[in-house]
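A.B. asks: So I've got this file, final-v1.tsv, and it contains TSV, C-alpha atoms:
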```tsv
chain	number	residue	atom	x	y	z
V	1	MET	CA	0.00	0.00	0.00
V	2	THR	CA	1.43	3.36	-1.00
V	3	THR	CA	0.98	6.61	0.90
V	4	ALA	CA	0.16	9.75	-1.01
V	5	PRO	CA	2.90	12.38	-0.72
V	6	ALA	CA	2.21	15.19	1.71
V	7	LEU	CA	1.02	18.41	0.08
V	8	PRO	CA	3.08	21.57	0.60
V	9	GLY	CA	2.00	23.33	3.77
V	10	ARG	CA	-0.17	20.56	5.19
V	11	THR	CA	1.47	20.62	8.62
V	12	ASP	CA	0.35	19.33	11.99
V	13	ARG	CA	-0.50	22.84	13.17
V	14	VAL	CA	-2.70	23.35	10.10
V	15	ALA	CA	-4.54	20.11	10.96
V	16	ASP	CA	-4.99	21.30	14.55
V	17	HIS	CA	-6.16	24.75	13.45
V	18	THR	CA	-8.76	23.43	11.02
V	19	ARG	CA	-9.97	20.86	13.57
V	20	ARG	CA	-10.56	23.61	16.12
V	21	PHE	CA	-12.06	25.82	13.42
V	22	ALA	CA	-14.61	23.12	12.53
V	23	ALA	CA	-15.71	22.89	16.17
V	24	PHE	CA	-15.92	26.69	16.35
V	25	LEU	CA	-18.17	26.83	13.28
V	26	ASP	CA	-20.50	24.23	14.79
V	27	ASP	CA	-20.55	25.51	18.37
V	28	GLU	CA	-20.22	29.28	18.00
V	29	VAL	CA	-21.12	30.34	14.47
V	30	ALA	CA	-24.09	28.08	13.71
V	31	PRO	CA	-26.26	29.51	16.55
V	32	LEU	CA	-25.49	33.06	15.39
V	33	GLU	CA	-26.53	32.12	11.85
V	34	THR	CA	-29.77	30.64	13.16
V	35	ASP	CA	-30.51	33.85	15.06
V	36	LEU	CA	-29.70	36.01	12.04
V	37	ALA	CA	-31.90	33.90	9.76
V	38	ALA	CA	-34.87	34.62	12.01
V	39	ARG	CA	-34.56	38.35	11.33
V	40	ASP	CA	-35.58	40.20	8.18
V	41	VAL	CA	-32.08	41.48	7.42
V	42	GLY	CA	-30.92	39.26	4.56
V	43	THR	CA	-28.01	36.84	4.85
V	44	PRO	CA	-24.24	37.25	5.32
V	45	GLY	CA	-23.75	36.59	1.61
V	46	ASN	CA	-26.69	38.73	0.48
V	47	PRO	CA	-27.33	41.28	3.23
V	48	ARG	CA	-30.12	43.79	3.08
V	49	LEU	CA	-28.89	47.36	2.80
V	50	ASP	CA	-29.88	50.34	4.92
V	51	GLU	CA	-31.26	53.61	3.57
V	52	ALA	CA	-27.72	54.81	2.77
V	53	GLY	CA	-26.99	51.68	0.73
V	54	ARG	CA	-24.75	50.15	3.39
V	55	MET	CA	-24.72	46.67	4.88
V	56	HIS	CA	-27.58	46.21	7.33
V	57	PRO	CA	-26.25	46.90	10.85
V	58	ALA	CA	-27.58	43.60	12.18
V	59	VAL	CA	-25.58	41.64	9.58
V	60	TRP	CA	-22.52	43.76	10.26
V	61	GLU	CA	-22.78	43.19	14.01
V	62	ALA	CA	-23.22	39.43	13.54
V	63	ARG	CA	-19.97	39.42	11.57
V	64	ARG	CA	-18.28	41.48	14.28
V	65	GLU	CA	-19.40	39.03	16.95
V	66	VAL	CA	-17.89	36.15	14.99
V	67	GLN	CA	-14.62	38.07	14.68
V	68	ARG	CA	-14.44	38.74	18.42
V	69	ARG	CA	-15.23	35.13	19.32
V	70	SER	CA	-12.76	33.79	16.76
V	71	ALA	CA	-10.01	36.00	18.16
V	72	ALA	CA	-10.81	34.85	21.70
V	73	ALA	CA	-10.59	31.22	20.51
V	74	GLY	CA	-7.16	31.82	18.94
V	75	LEU	CA	-8.39	31.25	15.37
V	76	TYR	CA	-8.48	34.75	13.90
V	77	ASN	CA	-4.80	35.47	13.16
V	78	PRO	CA	-2.85	32.41	11.97
V	79	HIS	CA	-1.33	34.55	9.19
V	80	VAL	CA	0.21	37.11	11.57
V	81	ALA	CA	3.83	36.76	12.70
V	82	ALA	CA	4.27	34.67	15.86
V	83	ALA	CA	6.40	37.44	17.40
V	84	LEU	CA	3.33	39.69	17.30
V	85	GLY	CA	0.98	37.12	18.79
V	86	GLY	CA	-0.24	35.44	15.60
V	87	GLY	CA	0.16	31.90	14.38
V	88	GLY	CA	3.17	32.55	12.17
V	89	PHE	CA	1.79	30.34	9.38
V	90	GLY	CA	3.49	30.41	5.98
V	91	ARG	CA	1.55	31.03	2.80
V	92	ALA	CA	1.30	27.36	1.80
V	93	GLU	CA	-0.07	26.61	5.27
V	94	MET	CA	-2.51	29.48	4.97
V	95	GLN	CA	-3.85	28.16	1.68
V	96	HIS	CA	-5.02	25.00	3.47
V	97	VAL	CA	-6.61	27.06	6.25
V	98	GLU	CA	-8.31	29.47	3.85
V	99	GLU	CA	-9.54	26.64	1.63
V	100	PHE	CA	-11.07	24.94	4.64
V	101	VAL	CA	-12.83	28.12	5.80
V	102	TYR	CA	-14.34	28.88	2.38
V	103	ARG	CA	-15.40	25.30	1.71
V	104	ARG	CA	-17.01	24.83	5.13
V	105	SER	CA	-18.56	28.30	5.40
V	106	GLY	CA	-19.86	28.79	1.86
V	107	LEU	CA	-21.42	32.24	2.03
V	108	GLY	CA	-22.14	32.09	5.75
V	109	LEU	CA	-20.94	33.95	8.83
V	110	GLY	CA	-17.99	31.60	9.21
V	111	LEU	CA	-16.08	33.66	6.64
V	112	ALA	CA	-15.73	36.40	9.25
V	113	ALA	CA	-13.86	34.05	11.60
V	114	LEU	CA	-10.60	34.52	9.73
V	115	ALA	CA	-9.16	38.04	9.53
V	116	TRP	CA	-9.41	39.30	5.97
V	117	THR	CA	-9.21	42.90	4.77
V	118	GLU	CA	-10.84	44.13	7.98
V	119	GLY	CA	-8.14	42.69	10.25
V	120	ALA	CA	-4.40	42.57	10.73
V	121	ASN	CA	-2.25	42.09	7.63
V	122	PRO	CA	1.39	41.86	6.54
V	123	ALA	CA	1.78	45.61	6.04
V	124	ILE	CA	0.58	46.72	9.46
V	125	GLU	CA	3.09	44.38	11.10
V	126	HIS	CA	5.68	47.11	10.37
V	127	CYS	CA	3.96	49.59	12.70
V	128	SER	CA	5.64	51.27	15.67
V	129	ASP	CA	5.42	49.93	19.22
V	130	ALA	CA	2.95	52.69	20.08
V	131	ALA	CA	0.76	51.85	17.09
V	132	ARG	CA	0.99	48.17	17.94
V	133	ALA	CA	-0.66	48.82	21.30
V	134	ARG	CA	-3.17	51.32	19.90
V	135	TRP	CA	-4.14	49.61	16.63
V	136	LEU	CA	-2.57	46.23	15.90
V	137	GLU	CA	-3.43	44.45	19.14
V	138	PRO	CA	-7.10	45.59	19.09
V	139	LEU	CA	-7.31	44.49	15.44
V	140	MET	CA	-5.99	41.06	16.33
V	141	ALA	CA	-8.48	40.85	19.21
V	142	GLY	CA	-11.36	41.61	16.83
V	143	GLU	CA	-12.17	44.71	18.88
V	144	ILE	CA	-11.86	47.08	15.92
V	145	THR	CA	-11.75	46.81	12.12
V	146	ALA	CA	-9.53	48.33	9.46
V	147	ALA	CA	-9.68	49.47	5.84
V	148	PHE	CA	-6.90	49.74	3.28
V	149	ALA	CA	-7.05	53.02	1.37
V	150	ASN	CA	-4.83	53.12	-1.68
V	151	THR	CA	-7.18	53.60	-4.66
V	152	GLU	CA	-8.53	56.98	-5.71
V	153	THR	CA	-11.31	57.94	-8.08
V	154	ALA	CA	-8.93	58.35	-11.02
V	155	VAL	CA	-6.05	56.22	-9.76
V	156	GLY	CA	-6.03	52.44	-9.55
V	157	THR	CA	-3.06	50.38	-10.70
V	158	ASP	CA	-0.88	53.44	-11.31
V	159	VAL	CA	-0.42	54.14	-7.61
V	160	LEU	CA	2.40	56.64	-8.18
V	161	ALA	CA	-0.17	58.96	-9.77
V	162	MET	CA	-2.20	59.31	-6.56
V	163	GLU	CA	-3.08	62.80	-5.42
V	164	THR	CA	-3.62	62.36	-1.66
V	165	ARG	CA	-0.86	64.33	0.07
V	166	ALA	CA	0.76	64.27	3.50
V	167	ARG	CA	2.89	67.18	4.72
V	168	ARG	CA	4.93	67.54	7.88
V	169	ASP	CA	3.74	69.88	10.60
V	170	GLY	CA	6.16	69.66	13.51
V	171	SER	CA	6.34	66.00	14.50
V	172	ASP	CA	2.90	65.30	12.99
V	173	TRP	CA	1.69	64.76	9.46
V	174	VAL	CA	-1.33	66.51	7.91
V	175	LEU	CA	-3.25	64.60	5.23
V	176	ASP	CA	-5.52	65.88	2.47
V	177	GLY	CA	-7.25	63.94	-0.30
V	178	THR	CA	-9.98	61.50	-1.25
V	179	LYS	CA	-9.85	57.71	-1.49
V	180	ALA	CA	-12.43	55.67	-3.41
V	181	TRP	CA	-13.48	52.05	-3.93
V	182	ILE	CA	-12.50	51.32	-0.34
V	183	THR	CA	-13.78	48.10	1.24
V	184	ASN	CA	-15.09	48.66	4.79
V	185	ALA	CA	-15.06	52.42	4.27
V	186	HIS	CA	-18.29	52.82	6.22
V	187	PHE	CA	-17.28	50.93	9.33
V	188	ALA	CA	-13.49	50.95	9.76
V	189	ASP	CA	-12.05	52.25	13.02
V	190	VAL	CA	-8.58	52.70	11.56
V	191	VAL	CA	-7.51	53.21	7.95
V	192	GLN	CA	-4.19	52.09	6.46
V	193	LEU	CA	-3.83	54.97	4.07
V	194	VAL	CA	-1.14	55.59	1.45
V	195	ALA	CA	-0.27	59.19	0.57
V	196	VAL	CA	2.42	61.14	-1.27
V	197	THR	CA	5.10	62.48	1.07
V	198	ASP	CA	7.89	63.19	-1.43
V	199	PRO	CA	6.50	64.06	-4.89
V	200	GLY	CA	8.66	62.90	-7.76
V	201	ALA	CA	10.68	60.38	-5.74
V	202	GLY	CA	9.30	57.37	-7.62
V	203	THR	CA	8.60	54.34	-5.43
V	204	ARG	CA	9.99	56.29	-2.45
V	205	SER	CA	7.40	59.05	-2.93
V	206	LEU	CA	4.72	57.30	-0.87
V	207	SER	CA	4.24	56.58	2.83
V	208	MET	CA	1.65	54.59	4.77
V	209	PHE	CA	-0.27	56.05	7.71
V	210	LEU	CA	-2.66	54.65	10.28
V	211	VAL	CA	-5.51	57.14	10.36
V	212	ASP	CA	-7.99	57.30	13.23
V	213	ALA	CA	-11.46	57.30	11.68
V	214	THR	CA	-12.67	59.64	14.45
V	215	ALA	CA	-9.97	62.25	13.77
V	216	PRO	CA	-11.12	65.78	12.93
V	217	GLY	CA	-11.26	66.30	9.17
V	218	PHE	CA	-11.84	62.61	8.41
V	219	THR	CA	-15.26	61.90	6.86
V	220	ARG	CA	-16.87	58.90	5.25
V	221	GLY	CA	-18.22	59.67	1.82
V	222	ARG	CA	-20.86	58.11	-0.38
V	223	ASP	CA	-21.51	54.43	-0.74
V	224	ILE	CA	-20.28	53.04	-4.05
V	225	PRO	CA	-22.67	50.29	-5.17
V	226	THR	CA	-20.89	47.41	-6.87
V	227	MET	CA	-21.99	44.14	-8.43
V	228	LEU	CA	-21.28	42.47	-5.06
V	229	ASP	CA	-24.19	44.51	-3.62
V	230	ASP	CA	-22.90	44.10	-0.06
V	231	GLY	CA	-22.89	47.73	1.05
V	232	LEU	CA	-19.22	47.74	2.06
V	233	THR	CA	-17.55	49.91	-0.60
V	234	GLY	CA	-17.29	53.68	-0.37
V	235	GLU	CA	-15.28	56.89	-0.35
V	236	LEU	CA	-13.12	58.47	2.35
V	237	HIS	CA	-12.32	62.18	2.57
V	238	LEU	CA	-9.42	63.80	4.40
V	239	ASP	CA	-9.34	67.54	5.03
V	240	GLY	CA	-6.36	68.50	7.18
V	241	VAL	CA	-6.37	65.22	9.11
V	242	ARG	CA	-3.55	65.21	11.66
V	243	VAL	CA	-1.63	61.97	12.17
V	244	PRO	CA	1.09	61.59	14.84
V	245	ALA	CA	4.55	60.39	13.81
V	246	GLU	CA	4.09	57.08	15.64
V	247	ASP	CA	1.25	56.21	13.24
V	248	VAL	CA	3.55	56.18	10.21
V	249	VAL	CA	3.90	52.51	9.20
V	250	GLY	CA	7.53	51.51	8.65
V	251	GLU	CA	9.66	54.42	7.51
V	252	VAL	CA	8.70	57.49	5.53
V	253	GLY	CA	9.05	56.46	1.89
V	254	ASP	CA	8.09	52.82	2.51
V	255	GLY	CA	4.51	53.33	1.35
V	256	PHE	CA	4.85	51.70	-2.05
V	257	ALA	CA	6.51	48.57	-0.65
V	258	LEU	CA	3.98	48.35	2.18
V	259	ALA	CA	1.03	48.84	-0.19
V	260	MET	CA	2.39	46.05	-2.36
V	261	ALA	CA	2.73	43.80	0.71
V	262	TRP	CA	-0.98	44.31	1.42
V	263	ILE	CA	-1.97	43.85	-2.23
V	264	ASN	CA	0.20	40.76	-2.67
V	265	TRP	CA	-1.36	39.27	0.45
V	266	ARG	CA	-4.79	39.60	-1.14
V	267	ARG	CA	-3.49	38.14	-4.40
V	268	LEU	CA	-2.07	35.09	-2.65
V	269	CYS	CA	-5.28	34.54	-0.68
V	270	ARG	CA	-6.96	33.76	-4.00
V	271	GLY	CA	-5.49	30.24	-3.84
V	272	GLY	CA	-7.42	29.11	-0.77
V	273	MET	CA	-10.49	31.22	-1.52
V	274	CYS	CA	-11.00	29.88	-5.02
V	275	ALA	CA	-10.16	26.28	-4.08
V	276	GLY	CA	-12.60	26.32	-1.17
V	277	TRP	CA	-15.45	28.01	-2.97
V	278	GLY	CA	-14.69	26.03	-6.12
V	279	GLU	CA	-14.99	22.74	-4.25
V	280	TRP	CA	-18.21	23.97	-2.63
V	281	LEU	CA	-19.73	24.88	-6.00
V	282	LEU	CA	-18.64	21.57	-7.48
V	283	GLU	CA	-20.29	19.60	-4.67
V	284	ARG	CA	-23.49	21.60	-5.15
V	285	ALA	CA	-23.35	20.99	-8.91
V	286	LEU	CA	-22.87	17.25	-8.39
V	287	ASP	CA	-25.85	17.11	-6.07
V	288	ARG	CA	-27.96	19.10	-8.54
V	289	ALA	CA	-26.96	16.88	-11.47
V	290	GLN	CA	-27.80	13.70	-9.58
V	291	HIS	CA	-31.20	14.88	-8.36
V	292	ARG	CA	-32.51	17.08	-11.18
V	293	THR	CA	-34.26	14.97	-13.78
V	294	SER	CA	-35.00	15.55	-17.45
V	295	GLY	CA	-36.84	13.05	-19.60
V	296	GLY	CA	-37.22	10.77	-16.59
V	297	ALA	CA	-33.48	10.50	-15.83
V	298	PRO	CA	-30.99	12.55	-13.80
V	299	ILE	CA	-29.25	15.19	-15.88
V	300	ALA	CA	-25.97	13.68	-14.61
V	301	GLU	CA	-26.49	11.02	-17.30
V	302	LEU	CA	-26.21	13.65	-20.03
V	303	GLN	CA	-22.73	13.85	-21.52
V	304	SER	CA	-22.94	17.63	-21.80
V	305	VAL	CA	-23.51	17.90	-18.03
V	306	GLN	CA	-20.77	15.36	-17.31
V	307	HIS	CA	-18.35	17.47	-19.32
V	308	MET	CA	-19.22	20.60	-17.34
V	309	LEU	CA	-18.65	18.75	-14.08
V	310	ALA	CA	-15.33	17.40	-15.37
V	311	GLU	CA	-14.24	20.87	-16.47
V	312	MET	CA	-15.13	22.31	-13.05
V	313	ASP	CA	-13.09	19.60	-11.36
V	314	ALA	CA	-10.13	20.19	-13.69
V	315	ASP	CA	-10.14	23.93	-13.03
V	316	VAL	CA	-10.37	23.57	-9.25
V	317	TYR	CA	-7.70	20.87	-9.16
V	318	THR	CA	-5.16	22.59	-11.39
V	319	ALA	CA	-5.57	26.06	-9.85
V	320	ARG	CA	-5.27	24.60	-6.35
V	321	ALA	CA	-2.15	22.62	-7.24
V	322	ALA	CA	-0.51	25.60	-8.96
V	323	SER	CA	-1.27	27.85	-5.99
V	324	LEU	CA	0.21	25.43	-3.46
V	325	GLN	CA	3.36	25.01	-5.55
V	326	ALA	CA	3.80	28.75	-6.08
V	327	GLN	CA	3.21	29.61	-2.43
V	328	ALA	CA	5.62	26.89	-1.27
V	329	GLU	CA	8.24	28.41	-3.59
V	330	ILE	CA	7.52	31.88	-2.21
V	331	ASP	CA	7.81	30.62	1.38
V	332	ALA	CA	11.29	29.33	0.53
V	333	LEU	CA	12.50	32.72	-0.77
V	334	PRO	CA	14.54	35.03	1.49
V	335	GLY	CA	11.97	37.37	3.02
V	336	GLY	CA	9.08	35.14	1.98
V	337	ALA	CA	5.94	36.62	0.47
V	338	PHE	CA	6.12	40.09	1.98
V	339	GLY	CA	9.77	40.92	2.55
V	340	ILE	CA	10.97	44.49	2.16
V	341	PRO	CA	12.74	44.58	-0.21
V	342	LEU	CA	10.79	41.82	-1.94
V	343	HIS	CA	12.74	39.00	-3.53
V	344	PRO	CA	12.70	39.51	-7.34
V	345	ASP	CA	11.14	36.07	-7.94
V	346	ALA	CA	8.13	36.78	-5.71
V	347	PRO	CA	6.11	39.12	-7.97
V	348	ARG	CA	5.89	36.62	-10.84
V	349	LEU	CA	4.85	33.77	-8.54
V	350	THR	CA	2.30	35.97	-6.78
V	351	SER	CA	0.79	37.12	-10.06
V	352	LEU	CA	0.60	33.52	-11.26
V	353	VAL	CA	-1.51	32.65	-8.22
V	354	LYS	CA	-3.90	35.52	-8.84
V	355	VAL	CA	-4.39	35.23	-12.59
V	356	ILE	CA	-4.69	31.43	-12.60
V	357	ASN	CA	-7.33	31.53	-9.86
V	358	ASP	CA	-9.21	34.54	-11.19
V	359	GLU	CA	-9.63	32.90	-14.59
V	360	ALA	CA	-10.27	29.36	-13.35
V	361	PHE	CA	-12.79	30.36	-10.69
V	362	PHE	CA	-14.76	32.43	-13.18
V	363	ARG	CA	-15.11	29.36	-15.39
V	364	VAL	CA	-16.12	27.23	-12.39
V	365	ALA	CA	-18.78	29.73	-11.29
V	366	ASP	CA	-20.09	30.08	-14.84
V	367	ARG	CA	-20.53	26.30	-15.23
V	368	ALA	CA	-22.08	26.07	-11.78
V	369	VAL	CA	-24.81	28.47	-12.90
V	370	GLN	CA	-25.29	26.45	-16.09
V	371	VAL	CA	-25.67	23.12	-14.26
V	372	HIS	CA	-28.28	24.65	-11.96
V	373	GLY	CA	-30.20	26.12	-14.87
V	374	GLY	CA	-32.98	28.51	-13.92
V	375	THR	CA	-32.33	28.19	-10.19
V	376	GLY	CA	-28.74	29.26	-10.81
V	377	LEU	CA	-30.03	32.52	-12.25
V	378	ARG	CA	-32.14	33.32	-9.21
V	379	ILE	CA	-30.96	36.52	-7.51
V	380	GLY	CA	-29.42	35.57	-4.17
V	381	SER	CA	-28.68	31.93	-4.98
V	382	PRO	CA	-25.13	30.85	-4.09
V	383	GLU	CA	-24.35	30.27	-7.75
V	384	GLU	CA	-25.61	33.69	-8.84
V	385	LYS	CA	-23.76	35.45	-5.99
V	386	LEU	CA	-20.47	33.67	-6.62
V	387	PHE	CA	-20.74	34.26	-10.37
V	388	ARG	CA	-20.89	37.98	-9.65
V	389	LEU	CA	-18.08	37.69	-7.17
V	390	ALA	CA	-15.96	35.68	-9.64
V	391	ARG	CA	-16.35	38.42	-12.24
V	392	ASN	CA	-15.41	41.00	-9.63
V	393	LEU	CA	-12.19	39.15	-8.70
V	394	LYS	CA	-10.59	39.93	-12.06
V	395	ILE	CA	-10.20	43.61	-11.13
V	396	PRO	CA	-9.35	44.28	-7.42
V	397	ALA	CA	-5.75	43.79	-6.21
V	398	GLY	CA	-4.54	44.29	-9.76
V	399	THR	CA	-6.38	43.35	-12.92
V	400	VAL	CA	-5.69	40.05	-14.66
V	401	GLU	CA	-3.99	42.06	-17.41
V	402	ILE	CA	-1.59	43.63	-14.91
V	403	GLN	CA	-0.82	40.16	-13.53
V	404	ARG	CA	0.18	39.00	-17.00
V	405	ASN	CA	2.47	42.02	-17.31
V	406	ALA	CA	4.15	41.13	-14.02
V	407	ILE	CA	4.57	37.50	-15.07
V	408	ALA	CA	6.16	38.55	-18.36
V	409	ARG	CA	8.53	40.98	-16.58
V	410	GLY	CA	9.63	38.18	-14.27
V	411	LEU	CA	10.25	35.86	-17.17
V	412	LEU	CA	12.19	38.47	-19.15
V	413	ARG	CA	14.28	39.40	-16.13
V	414	ARG	CA	15.13	35.76	-15.56
V	415	GLY	CA	15.77	35.00	-19.21
V	416	PRO	CA	15.90	31.52	-20.78
V	417	ARG	CA	17.07	28.67	-18.57
```
Let me see whether you can do it: turn the structure in this file into structure tokens.

C.D. replies:
Amino acid sequence: MTTAPALPGRTDRVADHTRRFAAFLDDEVAPLETDLAARDVGTPGNPRLDEAGRMHPAVWEARREVQRRSAAAGLYNPHVAAALGGGGFGRAEMQHVEEFVYRRSGLGLGLAALAWTEGANPAIEHCSDAARARWLEPLMAGEITAAFANTETAVGTDVLAMETRARRDGSDWVLDGTKAWITNAHFADVVQLVAVTDPGAGTRSLSMFLVDATAPGFTRGRDIPTMLDDGLTGELHLDGVRVPAEDVVGEVGDGFALAMAWINWRRLCRGGMCAGWGEWLLERALDRAQHRTSGGAPIAELQSVQHMLAEMDADVYTARAASLQAQAEIDALPGGAFGIPLHPDAPRLTSLVKVINDEAFFRVADRAVQVHGGTGLRIGSPEEKLFRLARNLKIPAGTVEIQRNAIARGLLRRGPR
């Protein structure tokens, strides 16, 4: 009898973490989902919106409760450095954790039990000791939430063209500008904001700040409705917002590198996200094909349906395998996934993870809708929601076209082998 080789990152601590996570979902999250379902507020995946177009406060608070409980159970921050109180997991390990969470949670409240864009991240780990006590530790405890503010109305991928400015005033910094397309804009307690501190200095022209959302001059702007329809995207305005020197992340001039650390983190998280949701959609499609009949027989007997199921399986399997391989290679690089400076091989590998998953998951979601037929088109169905989400994934954290540019640059820099 042969034993299958161990997958990259499938360590004993990953097995322990997912085992405890499963118990947490059953014991802590399931009752909260039952309570939320009894209220006329929508669902975590398809929340009702308030009069301002923002996520219903009851859904938001249910998510917040899951975050607090997850942090108390030691499940919220496996991706954070061990020296800061996190789990210290590598990226290949995190793919297994993230895949488990997405597969088990589907579109439920369980997704909030792992810190995503609202929690601690690789960039904020470079904060000062004072900011660690004020912002990082409460984030890791699930007591507050964050937003990452890099994009502006007319500035996306070309971050060096941003117009938000920060100028020195004594030991403080004063910030002016507007950020747009910001996830969690309406609710964040602290904003990781990138601004120009040295115009014309290229990648050293930017710095990252931790901005108190209650600071004078800081206002939350309009909601920006997107195809996700979750009421979480909006604008932020800064008019003379004062930020103390201890709330500069890293060093002045590190903003570009820190922004890329945050963005690359989100790119690499595609591996577990798309594998988990892809497997979930495939299981739902298999069940549908075996129980939906046409002409007196299950549609699973139709070759056309069998081919769609096979293509879904192929996409999930190959994207998952490629992501694990790439993230294991990144973990082995000096500085890993988020080193400053970043190892020159990391951008290509990171972009491979994102573009492969963005494209594969879109095909998986599209076929999932097709297998479900009319029910897959129903607004609010898991297939319809994830189809919209899959289309959305091709743009945030760098478009699929930008990823291809980065891959080509890496190849050309390396040259033929």

A.B. asks: Just checking: using all atoms listed in the file, which residue out of V:Leu412, V:Leu389, V:Ala360, V:Ala314 ends up closest to Pro344 (chain V)?

C.D. replies: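 Looking only at the distances to Pro344 (chain V), the closest residue turns out to be V:Leu412.
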
A.B. asks: Mind pulling up the distance from CA of Ala123 (chain V) to CA of Val80 (chain V)?

C.D. replies: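 According to the coordinates, CA of Val80 (chain V) and CA of Ala123 (chain V) are separated by 10.3 Å.
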
A.B. asks: Work out how far CA of Ala406 (chain V) is from CA of Ser351 (chain V), in Å to one decimal.

C.D. replies: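 A separation of 6.6 Å between them.
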
A.B. asks: Neighbours of Leu136 (chain V) within 12 Å (only C-alpha atoms; same-chain residues fewer than 4 positions away dropped), as a PyMOL selection string?

C.D. replies: chain V and resi 77+80-81+84-86+118-132+140-146+189-192+210+247+249

A.B. asks: Using only C-alpha atoms, which residue out of V:Leu109, V:Leu309, V:Ala397, V:Leu228 lies closest to Leu282 (chain V)?

C.D. replies: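 That would be V:Leu309, the residue with the smallest distance to Leu282 (chain V).
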
A.B. asks: What separation in Å, quoted to one decimal, exists between CA of Asp358 (chain V) and CA of Arg103 (chain V)?

C.D. replies: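 Taking CA of Asp358 (chain V) as the start and CA of Arg103 (chain V) as the end point, the length is 17.0 Å.
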
A.B. asks: Pick the closest to Gly253 (chain V) from V:Gly200, V:Gly234, V:Gly410, V:Gly278: which is it, counting only C-alpha atoms?

C.D. replies: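 Of V:Gly200, V:Gly234, V:Gly410, V:Gly278, the one nearest Gly253 (chain V), counting only C-alpha atoms, is V:Gly200.
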
A.B. asks: Might you pull out every residue within 8 Å of Ala22 (chain V), with all atoms listed in the file counted and same-chain residues fewer than 4 positions away left off, and present them as an MDAnalysis selection string?

C.D. replies: chainID V and resid 18 26 104

A.B. asks: For Ser294 (chain V), which residue out of V:Ala113, V:Glu246, V:Gly373, V:Gln325 is the nearest one, using only C-alpha atoms?

C.D. replies: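 Of V:Ala113, V:Glu246, V:Gly373, V:Gln325, the one nearest Ser294 (chain V) is V:Gly373, counting only C-alpha atoms.
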